[in-house]
$ cat protein03.txt   # compact mmCIF, C-alpha atoms (C1' of nucleotides)
# COMPACT_ATOMS: atom_id res chain seq x y z
CA MET W 21 0.26 -23.84 3.04
CA ARG W 22 -1.45 -20.54 2.25
CA ILE W 23 0.51 -17.31 1.76
CA ALA W 24 -1.26 -13.98 1.36
CA THR W 25 -0.33 -10.38 0.66
CA TYR W 26 -2.46 -7.46 1.77
CA ASN W 27 -1.89 -3.73 1.53
CA VAL W 28 -3.84 -2.68 4.62
CA ASN W 29 -3.55 1.09 4.11
CA GLY W 30 -3.04 1.89 7.79
CA VAL W 31 -2.62 -1.11 10.11
CA ASN W 32 -4.25 0.65 13.06
CA GLY W 33 -7.05 2.31 11.10
CA ARG W 34 -7.86 -1.06 9.49
CA LEU W 35 -7.23 -3.29 12.47
CA PRO W 36 -10.85 -4.56 12.79
CA VAL W 37 -10.91 -5.43 9.10
CA LEU W 38 -7.49 -7.09 9.29
CA LEU W 39 -8.46 -9.21 12.30
CA LYS W 40 -11.79 -10.19 10.75
CA TRP W 41 -10.03 -11.31 7.57
CA LEU W 42 -7.29 -13.18 9.48
CA GLU W 43 -9.92 -15.12 11.35
CA ALA W 44 -12.01 -15.88 8.25
CA ALA W 45 -9.18 -16.77 5.86
CA ALA W 46 -6.65 -18.10 8.38
CA PRO W 47 -3.63 -17.81 6.06
CA ASP W 48 -0.40 -19.42 7.29
CA VAL W 49 1.81 -16.53 6.22
CA VAL W 50 0.83 -12.91 5.55
CA CYS W 51 2.76 -10.04 4.00
CA LEU W 52 1.36 -6.64 4.95
CA GLN W 53 2.13 -3.29 3.34
CA GLU W 54 1.37 0.34 4.09
CA LEU W 55 1.32 -0.03 7.84
CA LYS W 56 1.43 3.78 8.10
CA ALA W 57 2.66 3.37 11.66
CA PRO W 58 5.98 3.96 13.38
CA GLN W 59 7.81 0.90 14.71
CA GLU W 60 6.37 1.22 18.24
CA LYS W 61 2.76 1.69 17.10
CA PHE W 62 2.39 -1.67 15.38
CA PRO W 63 -0.57 -3.51 17.01
CA GLU W 64 1.65 -6.35 18.19
CA GLN W 65 -0.64 -7.58 20.94
CA ALA W 66 -3.79 -7.76 18.82
CA ILE W 67 -1.87 -9.67 16.14
CA HIS W 68 -0.54 -12.10 18.75
CA GLU W 69 -4.00 -12.58 20.20
CA ALA W 70 -5.22 -13.40 16.68
CA GLY W 71 -2.68 -16.23 16.68
CA TYR W 72 0.20 -14.79 14.67
CA HIS W 73 3.89 -14.17 15.18
CA ALA W 74 5.05 -11.00 13.49
CA ILE W 75 8.07 -9.04 12.41
CA TRP W 76 7.70 -5.56 10.97
CA HIS W 77 9.52 -2.49 9.84
CA GLY W 78 7.50 0.60 10.57
CA GLN W 79 7.82 4.23 9.58
CA LYS W 80 6.02 7.37 10.69
CA SER W 81 3.07 8.31 8.46
CA TRP W 82 3.96 6.24 5.41
CA ASN W 83 5.05 2.87 4.08
CA GLY W 84 5.80 0.11 6.57
CA VAL W 85 5.85 -3.66 5.94
CA ALA W 86 5.29 -6.76 8.08
CA ILE W 87 5.42 -10.55 7.87
CA LEU W 88 2.98 -12.61 9.95
CA SER W 89 3.09 -16.35 10.55
CA LYS W 90 0.48 -18.53 12.19
CA SER W 91 2.61 -21.32 13.58
CA ALA W 92 6.03 -21.51 11.95
CA GLU W 93 8.90 -19.48 13.29
CA ILE W 94 9.87 -16.30 11.40
CA LYS W 95 13.58 -15.97 10.87
CA GLU W 96 14.33 -12.45 9.70
CA LEU W 97 16.93 -12.09 6.95
CA ARG W 98 16.84 -8.34 6.24
CA ARG W 99 14.63 -5.30 6.60
CA GLN W 100 15.97 -3.22 3.76
CA LEU W 101 16.34 -3.68 0.03
CA PRO W 102 20.09 -3.81 -0.71
CA GLY W 103 21.71 -1.37 -3.08
CA ASP W 104 21.09 2.09 -1.65
CA PRO W 105 22.13 2.93 1.91
CA GLU W 106 20.52 6.37 1.49
CA ASP W 107 17.06 4.86 1.02
CA GLU W 108 15.23 5.25 4.32
CA GLN W 109 11.74 4.23 3.22
CA SER W 110 10.33 1.10 4.90
CA ARG W 111 9.36 -0.88 1.84
CA TYR W 112 11.02 -4.26 2.20
CA ILE W 113 11.34 -7.02 4.76
CA GLU W 114 12.51 -10.59 4.19
CA ALA W 115 12.40 -13.72 6.29
CA ILE W 116 12.51 -17.50 6.19
CA VAL W 117 9.25 -19.18 7.19
CA ASN W 118 8.73 -22.93 6.74
CA ASN W 119 11.96 -23.14 4.71
CA ILE W 120 10.65 -20.58 2.23
CA VAL W 121 12.20 -17.16 1.71
CA ILE W 122 9.35 -14.69 2.06
CA ALA W 123 10.10 -11.28 0.56
CA CYS W 124 7.47 -8.69 1.50
CA LEU W 125 7.64 -5.58 -0.63
CA TYR W 126 5.88 -2.29 -1.11
CA LEU W 127 7.06 -0.91 -4.42
CA PRO W 128 6.95 2.89 -4.81
CA ASN W 129 3.84 4.28 -6.50
CA GLY W 130 5.94 6.52 -8.75
CA ASN W 131 3.37 9.18 -9.61
CA PRO W 132 3.43 11.78 -10.93
CA TYR W 133 5.08 10.79 -14.19
CA PRO W 134 7.53 12.14 -15.16
CA GLY W 135 9.50 13.23 -12.13
CA PRO W 136 11.76 12.24 -9.26
CA LYS W 137 9.19 9.86 -7.75
CA PHE W 138 9.00 7.96 -11.02
CA GLU W 139 12.80 7.79 -11.16
CA TYR W 140 12.85 6.48 -7.59
CA LYS W 141 10.42 3.75 -8.64
CA LEU W 142 12.61 2.71 -11.58
CA GLY W 143 15.69 2.68 -9.34
CA TRP W 144 13.89 0.59 -6.74
CA LEU W 145 12.80 -1.87 -9.44
CA LYS W 146 16.38 -2.18 -10.64
CA ARG W 147 17.68 -2.90 -7.16
CA PHE W 148 14.83 -5.33 -6.51
CA THR W 149 15.45 -7.21 -9.76
CA ALA W 150 19.15 -7.56 -8.90
CA HIS W 151 18.32 -8.82 -5.42
CA ALA W 152 15.71 -11.26 -6.77
CA ARG W 153 18.33 -12.63 -9.15
CA LYS W 154 20.64 -13.29 -6.21
CA LEU W 155 17.88 -15.09 -4.33
CA LEU W 156 17.27 -17.32 -7.35
CA ALA W 157 20.97 -18.08 -7.62
CA GLU W 158 20.90 -19.37 -4.04
CA ASP W 159 18.52 -22.05 -5.28
CA VAL W 160 16.09 -21.79 -2.37
CA PRO W 161 12.28 -21.54 -2.58
CA VAL W 162 11.30 -17.86 -2.80
CA VAL W 163 8.03 -15.91 -2.79
CA LEU W 164 8.16 -12.24 -3.75
CA ALA W 165 4.86 -10.96 -2.38
CA GLY W 166 3.51 -7.49 -2.13
CA ASP W 167 2.05 -4.34 -3.58
CA TYR W 168 4.06 -3.86 -6.78
CA ASN W 169 2.11 -0.79 -7.94
CA ILE W 170 2.37 -2.30 -11.44
CA MET W 171 -0.31 -3.62 -13.76
CA PRO W 172 1.70 -6.10 -15.83
CA THR W 173 -0.61 -6.21 -18.87
CA GLU W 174 -3.75 -4.61 -20.31
CA LEU W 175 -5.79 -7.44 -18.84
CA ASP W 176 -4.92 -6.07 -15.41
CA VAL W 177 -6.56 -2.65 -15.89
CA TYR W 178 -10.24 -1.83 -16.26
CA LYS W 179 -9.46 0.86 -18.85
CA PRO W 180 -5.91 0.50 -20.14
CA GLU W 181 -6.02 3.51 -22.49
CA ARG W 182 -6.57 5.83 -19.54
CA TRP W 183 -3.51 4.59 -17.71
CA VAL W 184 -0.75 4.70 -20.34
CA ASN W 185 0.96 7.70 -18.76
CA ASP W 186 0.41 6.67 -15.18
CA ALA W 187 3.41 5.45 -13.20
CA LEU W 188 1.58 2.18 -12.46
CA PHE W 189 1.31 1.32 -16.15
CA ARG W 190 4.11 3.17 -17.97
CA GLU W 191 5.97 1.09 -20.51
CA GLU W 192 9.27 1.37 -18.56
CA VAL W 193 7.62 -0.09 -15.49
CA ARG W 194 5.93 -2.95 -17.33
CA ASP W 195 9.23 -3.73 -19.05
CA ALA W 196 10.97 -3.86 -15.69
CA PHE W 197 8.32 -6.27 -14.40
CA LYS W 198 8.84 -8.45 -17.50
CA LYS W 199 12.58 -8.53 -16.83
CA LEU W 200 12.00 -9.55 -13.25
CA ILE W 201 9.75 -12.41 -14.40
CA ALA W 202 12.12 -13.43 -17.20
CA GLN W 203 14.78 -14.21 -14.61
CA GLY W 204 12.73 -17.23 -13.67
CA PHE W 205 9.76 -16.16 -11.57
CA THR W 206 6.14 -17.16 -12.05
CA ASP W 207 3.22 -14.77 -11.58
CA ALA W 208 1.11 -17.17 -9.51
CA LEU W 209 -2.35 -15.74 -10.24
CA ARG W 210 -1.72 -15.53 -13.98
CA LYS W 211 -0.30 -19.02 -14.14
CA LEU W 212 -3.57 -20.50 -12.88
CA HIS W 213 -5.92 -17.90 -14.39
CA PRO W 214 -4.30 -16.75 -17.65
CA ASP W 215 -7.30 -15.04 -19.25
CA GLU W 216 -9.45 -14.01 -16.32
CA THR W 217 -10.13 -10.45 -15.25
CA ILE W 218 -8.69 -10.30 -11.75
CA TYR W 219 -8.28 -7.15 -9.70
CA THR W 220 -6.71 -6.58 -6.29
CA PHE W 221 -7.29 -2.84 -5.92
CA TRP W 222 -10.25 -0.53 -6.36
CA ASP W 223 -9.92 3.20 -5.86
CA TYR W 224 -11.93 4.93 -3.15
CA PHE W 225 -13.04 7.46 -5.76
CA ARG W 226 -16.11 7.26 -7.96
CA ASN W 227 -17.50 4.02 -6.57
CA ALA W 228 -14.71 2.08 -8.22
CA TYR W 229 -15.50 -1.13 -6.33
CA THR W 230 -19.21 -1.26 -7.18
CA ARG W 231 -18.34 -0.53 -10.83
CA ASN W 232 -15.51 -3.08 -10.67
CA ALA W 233 -13.14 -0.43 -12.01
CA GLY W 234 -10.11 -2.16 -10.59
CA LEU W 235 -6.43 -2.85 -11.05
CA ARG W 236 -4.31 -5.93 -10.47
CA ILE W 237 -1.23 -4.55 -8.70
CA ASP W 238 -0.64 -6.98 -5.81
CA HIS W 239 1.38 -9.99 -6.90
CA LEU W 240 2.99 -13.18 -5.63
CA LEU W 241 5.96 -14.25 -7.74
CA LEU W 242 7.31 -17.75 -7.26
CA SER W 243 10.72 -19.32 -7.78
CA PRO W 244 10.72 -22.49 -9.94
CA HIS W 245 10.58 -24.83 -6.92
CA LEU W 246 7.46 -23.17 -5.65
CA ALA W 247 5.78 -22.76 -9.03
CA ASN W 248 5.68 -26.55 -9.15
CA ARG W 249 3.96 -26.65 -5.78
CA LEU W 250 1.25 -24.11 -6.69
CA LEU W 251 -2.25 -25.53 -6.08
CA ALA W 252 -4.53 -22.49 -6.09
CA ALA W 253 -4.48 -18.69 -6.16
CA GLY W 254 -7.06 -15.95 -5.75
CA VAL W 255 -8.24 -12.69 -4.29
CA ASN W 256 -10.51 -12.26 -1.25
CA HIS W 257 -12.26 -9.48 -3.15
CA GLU W 258 -15.26 -9.41 -0.81
CA VAL W 259 -13.02 -7.90 1.86
CA ARG W 260 -12.85 -4.75 -0.25
CA GLY W 261 -16.58 -4.36 0.28
CA TRP W 262 -16.36 -4.47 4.06
CA GLU W 263 -16.87 -1.32 6.06
CA LYS W 264 -13.72 0.75 6.56
CA SER W 265 -11.82 -1.49 4.17
CA SER W 266 -8.45 -0.81 2.59
CA ASP W 267 -8.53 0.09 -1.10
CA HIS W 268 -6.72 -3.23 -1.72
CA ALA W 269 -8.03 -6.78 -1.22
CA PRO W 270 -5.99 -9.67 0.18
CA THR W 271 -4.39 -11.82 -2.51
CA TRP W 272 -3.31 -15.40 -1.79
CA ILE W 273 -1.75 -18.61 -3.01
CA GLU W 274 -1.95 -22.17 -1.80
CA LEU W 275 1.15 -24.38 -2.00
CA ALA W 276 1.37 -28.16 -1.77
CA ASP W 277 3.35 -29.54 1.15
CA GLU W 278 6.77 -30.78 0.24
C1' DA T 29 -9.93 18.93 -12.07
C1' DT T 30 -12.20 15.80 -9.49
C1' DG T 31 -13.43 12.17 -6.42
C1' DT T 32 -11.96 9.36 -0.90
C1' DC T 33 -9.49 8.09 3.05
C1' DC T 34 -5.34 7.50 5.61
C1' DT T 35 -1.82 9.91 9.00
C1' DC T 36 0.39 13.82 11.16
C1' DT T 37 0.62 18.52 13.05
C1' DC T 38 2.95 24.78 13.95
C1' DT T 39 -4.04 19.87 15.66
C1' DT T 40 -10.02 19.78 15.57
C1' DA T 41 -8.36 22.01 9.41
C1' DG T 42 -5.23 21.43 6.21
C1' DA T 43 -1.35 19.12 4.00
C1' DG T 44 0.71 15.24 1.80
C1' DG T 45 0.37 10.82 -0.10
C1' DA T 46 -1.94 7.25 -2.59
$ encode --input "protein03.txt" --output "structure tokens"
Amino acid sequence: MRIATYNVNGVNGRLPVLLKWLEAAAPDVVCLQELKAPQEKFPEQAIHEAGYHAIWHGQKSWNGVAILSKSAEIKELRRQLPGDPEDEQSRYIEAIVNNIVIACLYLPNGNPYPGPKFEYKLGWLKRFTAHARKLLAEDVPVVLAGDYNIMPTELDVYKPERWVNDALFREEVRDAFKKLIAQGFTDALRKLHPDETIYTFWDYFRNAYTRNAGLRIDHLLLSPHLANRLLAAGVNHEVRGWEKSSDHAPTWIELADE
DNA sequence: ATGTCCTCTCTTAGAGGA
């Protein structure tokens, strides 16, 4: 079973790229972020015609998350991160697919640092960590997949020294990621490729992709059950080179059948 | 500071976000 996460950066603007990738990679489950589309503008029909069921939580202009599934039923659990009823940003959706809890998240960017956006990011991380702890306590298989907007270590940044005061790499944010992991989650790509340079994002500016000036900010974290089933993990980095591509590349894992 | 590309609007240019 293959599960992928992909920040599409505009689900309608990137629809040809998304469909081309879905056909080529044929993942079983997909978490999408940055739909940048209101609920009613999600390209439901095109996704269905590509062979996928879908649930999504849209928002005008920004954010927006979706879960796609090729064959298995999607049973929605929630479409909001618990802990703040005031939070109206569409950044979280959660469902059961194939007996696995799939949490699809789009963590706040948090720039500029310091400021209210950075504080919002830290608050979101705190709520997310608490919710992830609850999921673990339920003792069910869980994947936390999405755009975390966090480079966990220096290995995940092309030039770490330039990013120390950026909200994607600030110490507070990396510490929060460590705490999340320490609860019992496994960073799937790092487990299988501990020393490799792996990026999932390349800025549109300054030919970042051709220079391979990238960041690893899209992650799939696995509960202990699933970490034992992990067979392979990688990035479809070539997708980033396609015309009219998102600035992210799809990131995936392969799990053994039970 | 800048670069690029998305979406939306007091729309065909500029703002805001990443």
$ interface_residues --input "protein03.txt" --of "chain W" --to "chain T" --cutoff "8 Å" --atoms "all atoms listed in the file" --output "ChimeraX atom specification"
/W:29-30,33,56,81-82,129,224-226
$ closest_atom_pairs --input "protein03.txt" --of "stretch 150-262 of chain W" --to "stretch 130-136 of chain W" --cutoff "12 Å" --atoms "all atoms listed in the file" --output "Markdown table"
| residue | atom | partner | partner_atom | distance |
| --- | --- | --- | --- | --- |
| W:Tyr168 | CA | W:Gly130 | CA | 10.7 |
| W:Asn169 | CA | W:Gly130 | CA | 8.3 |
| W:Ile170 | CA | W:Gly130 | CA | 9.9 |
| W:Trp183 | CA | W:Tyr133 | CA | 11.2 |
| W:Val184 | CA | W:Tyr133 | CA | 10.4 |
| W:Asn185 | CA | W:Tyr133 | CA | 6.9 |
| W:Asp186 | CA | W:Tyr133 | CA | 6.3 |
| W:Ala187 | CA | W:Asn131 | CA | 5.2 |
| W:Leu188 | CA | W:Gly130 | CA | 7.2 |
| W:Phe189 | CA | W:Gly130 | CA | 10.2 |
| W:Arg190 | CA | W:Tyr133 | CA | 8.6 |
| W:Glu191 | CA | W:Tyr133 | CA | 11.6 |
| W:Glu192 | CA | W:Tyr133 | CA | 11.2 |
| W:Val193 | CA | W:Gly130 | CA | 9.6 |
$ residues_around --input "protein03.txt" --residues "stretch 145-155 of chain W" --least-positions-apart "3" --cutoff "12 Å" --atoms "only C-alpha atoms (C1' of nucleotides)" --output "PDB file with C-alpha atoms, in the frame of the given file"
ATOM      1  CA  LEU W  97      16.930 -12.090   6.950  1.00  0.00           C
ATOM      2  CA  ARG W  98      16.840  -8.340   6.240  1.00  0.00           C
ATOM      3  CA  GLN W 100      15.970  -3.220   3.760  1.00  0.00           C
ATOM      4  CA  LEU W 101      16.340  -3.680   0.030  1.00  0.00           C
ATOM      5  CA  PRO W 102      20.090  -3.810  -0.710  1.00  0.00           C
ATOM      6  CA  GLY W 103      21.710  -1.370  -3.080  1.00  0.00           C
ATOM      7  CA  ASP W 104      21.090   2.090  -1.650  1.00  0.00           C
ATOM      8  CA  PRO W 105      22.130   2.930   1.910  1.00  0.00           C
ATOM      9  CA  ASP W 107      17.060   4.860   1.020  1.00  0.00           C
ATOM     10  CA  ARG W 111       9.360  -0.880   1.840  1.00  0.00           C
ATOM     11  CA  TYR W 112      11.020  -4.260   2.200  1.00  0.00           C
ATOM     12  CA  ILE W 113      11.340  -7.020   4.760  1.00  0.00           C
ATOM     13  CA  GLU W 114      12.510 -10.590   4.190  1.00  0.00           C
ATOM     14  CA  ILE W 120      10.650 -20.580   2.230  1.00  0.00           C
ATOM     15  CA  VAL W 121      12.200 -17.160   1.710  1.00  0.00           C
ATOM     16  CA  ILE W 122       9.350 -14.690   2.060  1.00  0.00           C
ATOM     17  CA  ALA W 123      10.100 -11.280   0.560  1.00  0.00           C
ATOM     18  CA  CYS W 124       7.470  -8.690   1.500  1.00  0.00           C
ATOM     19  CA  LEU W 125       7.640  -5.580  -0.630  1.00  0.00           C
ATOM     20  CA  TYR W 126       5.880  -2.290  -1.110  1.00  0.00           C
ATOM     21  CA  LEU W 127       7.060  -0.910  -4.420  1.00  0.00           C
ATOM     22  CA  PRO W 128       6.950   2.890  -4.810  1.00  0.00           C
ATOM     23  CA  ASN W 129       3.840   4.280  -6.500  1.00  0.00           C
ATOM     24  CA  GLY W 130       5.940   6.520  -8.750  1.00  0.00           C
ATOM     25  CA  PHE W 138       9.000   7.960 -11.020  1.00  0.00           C
ATOM     26  CA  GLU W 139      12.800   7.790 -11.160  1.00  0.00           C
ATOM     27  CA  TYR W 140      12.850   6.480  -7.590  1.00  0.00           C
ATOM     28  CA  LYS W 141      10.420   3.750  -8.640  1.00  0.00           C
ATOM     29  CA  LEU W 142      12.610   2.710 -11.580  1.00  0.00           C
ATOM     30  CA  GLU W 158      20.900 -19.370  -4.040  1.00  0.00           C
ATOM     31  CA  ASP W 159      18.520 -22.050  -5.280  1.00  0.00           C
ATOM     32  CA  VAL W 160      16.090 -21.790  -2.370  1.00  0.00           C
ATOM     33  CA  PRO W 161      12.280 -21.540  -2.580  1.00  0.00           C
ATOM     34  CA  VAL W 162      11.300 -17.860  -2.800  1.00  0.00           C
ATOM     35  CA  VAL W 163       8.030 -15.910  -2.790  1.00  0.00           C
ATOM     36  CA  LEU W 164       8.160 -12.240  -3.750  1.00  0.00           C
ATOM     37  CA  ALA W 165       4.860 -10.960  -2.380  1.00  0.00           C
ATOM     38  CA  TYR W 168       4.060  -3.860  -6.780  1.00  0.00           C
ATOM     39  CA  ASN W 169       2.110  -0.790  -7.940  1.00  0.00           C
ATOM     40  CA  ILE W 170       2.370  -2.300 -11.440  1.00  0.00           C
ATOM     41  CA  GLU W 192       9.270   1.370 -18.560  1.00  0.00           C
ATOM     42  CA  VAL W 193       7.620  -0.090 -15.490  1.00  0.00           C
ATOM     43  CA  ARG W 194       5.930  -2.950 -17.330  1.00  0.00           C
ATOM     44  CA  ASP W 195       9.230  -3.730 -19.050  1.00  0.00           C
ATOM     45  CA  ALA W 196      10.970  -3.860 -15.690  1.00  0.00           C
ATOM     46  CA  PHE W 197       8.320  -6.270 -14.400  1.00  0.00           C
ATOM     47  CA  LYS W 198       8.840  -8.450 -17.500  1.00  0.00           C
ATOM     48  CA  LYS W 199      12.580  -8.530 -16.830  1.00  0.00           C
ATOM     49  CA  LEU W 200      12.000  -9.550 -13.250  1.00  0.00           C
ATOM     50  CA  ILE W 201       9.750 -12.410 -14.400  1.00  0.00           C
ATOM     51  CA  ALA W 202      12.120 -13.430 -17.200  1.00  0.00           C
ATOM     52  CA  GLN W 203      14.780 -14.210 -14.610  1.00  0.00           C
ATOM     53  CA  GLY W 204      12.730 -17.230 -13.670  1.00  0.00           C
ATOM     54  CA  PHE W 205       9.760 -16.160 -11.570  1.00  0.00           C
ATOM     55  CA  LEU W 241       5.960 -14.250  -7.740  1.00  0.00           C
ATOM     56  CA  LEU W 242       7.310 -17.750  -7.260  1.00  0.00           C
ATOM     57  CA  SER W 243      10.720 -19.320  -7.780  1.00  0.00           C
ATOM     58  CA  PRO W 244      10.720 -22.490  -9.940  1.00  0.00           C
TER      59      PRO W 244
END
$ atom_distance --input "protein03.txt" --atom1 "atom CA of W:Ala66" --atom2 "atom CA of W:Pro47"
16.2 Å
$ residues_near_point --input "protein03.txt" --point "(-6.9, -2.5, 15.5)" --cutoff "12 Å" --atoms "all atoms listed in the file" --output "PyMOL selection string"
chain W and resi 28+30-40+55+57+61-70+264
